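For reference, the structure discussed in these notes is given below.
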Amino acid sequence: MSGIRTSLVVVAALIVGSACNAAAAERQQARHVRHHAGFASLDYGRTPRVFDGTWNLTASTAAGSCGSYGFRVNVVNGRVVSPGISGVSGRVTPAGNVSVTVRQANGVVSGAGRLSARSGAGRWTGRSASGRCAGYWQAQRGI
């Protein structure tokens, strides 16, 4: 039992370490100094991102009894936000990789996938007091 617990701690440490290294690399990239014609400027990543805007999502259940849902989210500077749903946090990378978590009193839903210029798709899992669910999501760029 002690060996399993130690293995889990090592795996968790590796995951956290990888996430911290990725965040540090992103911060370093934001501080990168560009030299052009004798002038230096800092690039803080304030240029608009390709995936920023409104996205219409549909989520359908493949396992469990969670049903199907449709909702709208916004991507602002690569961050996923939803004016109508509390507890939403997530991000979209410049390559279009998406990760989102919704935490509410009755449970947690996590999703991951990929966006292209006008659409996207991925998988989600959820858990609450009533059980676990899993399924797929699709997204279309909104107007």
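Within each chain, counting starts at residue 1; across the structure tokens, chains are named A, B, ... in the order shown, with ligands numbered 1 upward in that order.
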
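If you count only C-alpha atoms and ignore residues fewer than 5 places along the chain from range 133-143 of chain A, what sits within 7 Å of it is Thr54, Trp55, Asn56, Leu57, Thr58, Ala59, Ser60, Thr61, Ala62, Ala63, Gly64, Ser65, Cys66, Arg118, Ser119, Gly120, Ala121, Gly122, Arg123, Trp124, Thr125, Gly126 and Arg127 of chain A.
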
Would you save the residues of that selection, restricted to N, CA and C atoms, as a compact mmCIF listing (two decimals), in the first residue's frame?
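Output contents, as saved in selection_38.txt:
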# COMPACT_ATOMS: atom_id res chain seq x y z
N THR A 54 -16.81 34.82 -29.37
CA THR A 54 -17.92 34.04 -28.82
C THR A 54 -17.98 32.68 -29.51
N TRP A 55 -18.21 31.64 -28.71
CA TRP A 55 -18.33 30.28 -29.22
C TRP A 55 -19.62 29.66 -28.69
N ASN A 56 -20.38 29.01 -29.57
CA ASN A 56 -21.60 28.30 -29.19
C ASN A 56 -21.25 26.82 -29.04
N LEU A 57 -21.51 26.27 -27.86
CA LEU A 57 -21.15 24.89 -27.58
C LEU A 57 -22.38 24.01 -27.41
N THR A 58 -22.25 22.76 -27.82
CA THR A 58 -23.23 21.74 -27.50
C THR A 58 -22.45 20.58 -26.88
N ALA A 59 -22.98 20.09 -25.78
CA ALA A 59 -22.35 18.97 -25.08
C ALA A 59 -23.35 17.83 -25.00
N SER A 60 -22.93 16.65 -25.43
CA SER A 60 -23.82 15.49 -25.37
C SER A 60 -23.16 14.40 -24.53
N THR A 61 -23.99 13.63 -23.86
CA THR A 61 -23.54 12.60 -22.94
C THR A 61 -23.40 11.26 -23.67
N ALA A 62 -22.27 10.60 -23.47
CA ALA A 62 -22.04 9.27 -24.02
C ALA A 62 -22.10 8.20 -22.94
N ALA A 63 -21.85 8.58 -21.68
CA ALA A 63 -21.89 7.65 -20.56
C ALA A 63 -22.47 8.37 -19.35
N GLY A 64 -23.41 7.74 -18.68
CA GLY A 64 -24.08 8.38 -17.55
C GLY A 64 -25.40 8.96 -18.00
N SER A 65 -26.03 9.71 -17.12
CA SER A 65 -27.35 10.28 -17.44
C SER A 65 -27.37 11.79 -17.23
N CYS A 66 -26.48 12.50 -17.92
CA CYS A 66 -26.39 13.94 -17.76
C CYS A 66 -27.17 14.71 -18.82
N ARG A 118 -13.05 28.19 -37.08
CA ARG A 118 -14.50 28.35 -36.99
C ARG A 118 -15.23 27.29 -36.19
N SER A 119 -14.54 26.22 -35.81
CA SER A 119 -15.22 25.15 -35.08
C SER A 119 -14.24 24.43 -34.17
N GLY A 120 -14.77 23.51 -33.39
CA GLY A 120 -13.92 22.74 -32.49
C GLY A 120 -14.67 21.54 -31.95
N ALA A 121 -13.95 20.66 -31.28
CA ALA A 121 -14.56 19.47 -30.70
C ALA A 121 -13.63 18.93 -29.61
N GLY A 122 -14.22 18.13 -28.73
CA GLY A 122 -13.43 17.51 -27.67
C GLY A 122 -14.27 16.61 -26.80
N ARG A 123 -13.72 16.23 -25.68
CA ARG A 123 -14.37 15.34 -24.73
C ARG A 123 -14.52 16.04 -23.39
N TRP A 124 -15.46 15.56 -22.58
CA TRP A 124 -15.65 16.10 -21.24
C TRP A 124 -15.98 14.96 -20.28
N THR A 125 -15.70 15.19 -19.01
CA THR A 125 -16.10 14.27 -17.94
C THR A 125 -16.66 15.11 -16.81
N GLY A 126 -17.57 14.52 -16.05
CA GLY A 126 -18.16 15.24 -14.93
C GLY A 126 -18.47 14.31 -13.79
N ARG A 127 -18.52 14.90 -12.60
CA ARG A 127 -18.90 14.11 -11.43
C ARG A 127 -19.70 15.01 -10.49

Which value, in Å to one decimal, gives the distance between CA of Ser130 in chain A and CA of Val81 in chain A?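 Value for the CA of Ser130 in chain A-CA of Val81 in chain A distance: 26.1 Å.
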
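With distances restricted to only C-alpha atoms, A:Ser128 is the closest residue to Ala105 in chain A from A:Ser82, A:Ser128, A:Val73, A:Val88.
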
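Minimum atom-to-atom distance to Val98 in chain A, evaluated using only C-alpha atoms, belongs to A:Gly113 out of A:Gly67, A:Gly113, A:Pro83, A:Gly53.
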
Could you pull the residues within 6 Å of Val75 in chain A, counting only C-alpha atoms, minus those fewer than 3 positions along the same chain, as JSON, numbers by chain? {"A": [52, 53, 78, 79, 80]}

Arg103 in chain A environment, 10 Å, only C-alpha atoms, sequence neighbours closer than 5 positions dropped, as a list in words: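 Selected residues are Ile85, Ser86, Gly87, Val88, Ser89, Val108, Val109, Ser110 and Gly126 of chain A.
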
For Thr93 in chain A, work out the shell of residues within 10 Å, counting only C-alpha atoms and skipping chain neighbours fewer than 5 positions away, then give it as a PyMOL selection string. chain A and resi 49-51+77-79+98-99+114-115

I'd like the interatomic distance between CA of Arg91 in chain A and CA of Gly111 in chain A, to a tenth of an Å.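 Between CA of Arg91 in chain A and CA of Gly111 in chain A the gap is 10.9 Å.
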
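Take CA of Pro94 in chain A and CA of Ala117 in chain A: the distance between them is 11.2 Å.
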
Which of these residues is nearest to Gly107 in chain A, using only C-alpha atoms: A:Gly131, A:Gly90, A:Gly84, A:Ala95?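 Closest to Gly107 in chain A of all the choices is A:Gly131.
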
Backbone DSSP call of strand (DSSP E or B) for range 47-134 of chain A, listed as a PyMOL selection string: chain A and resi 53-63+69-76+79-81+88-92+97-104+107-115+119-128+131-134
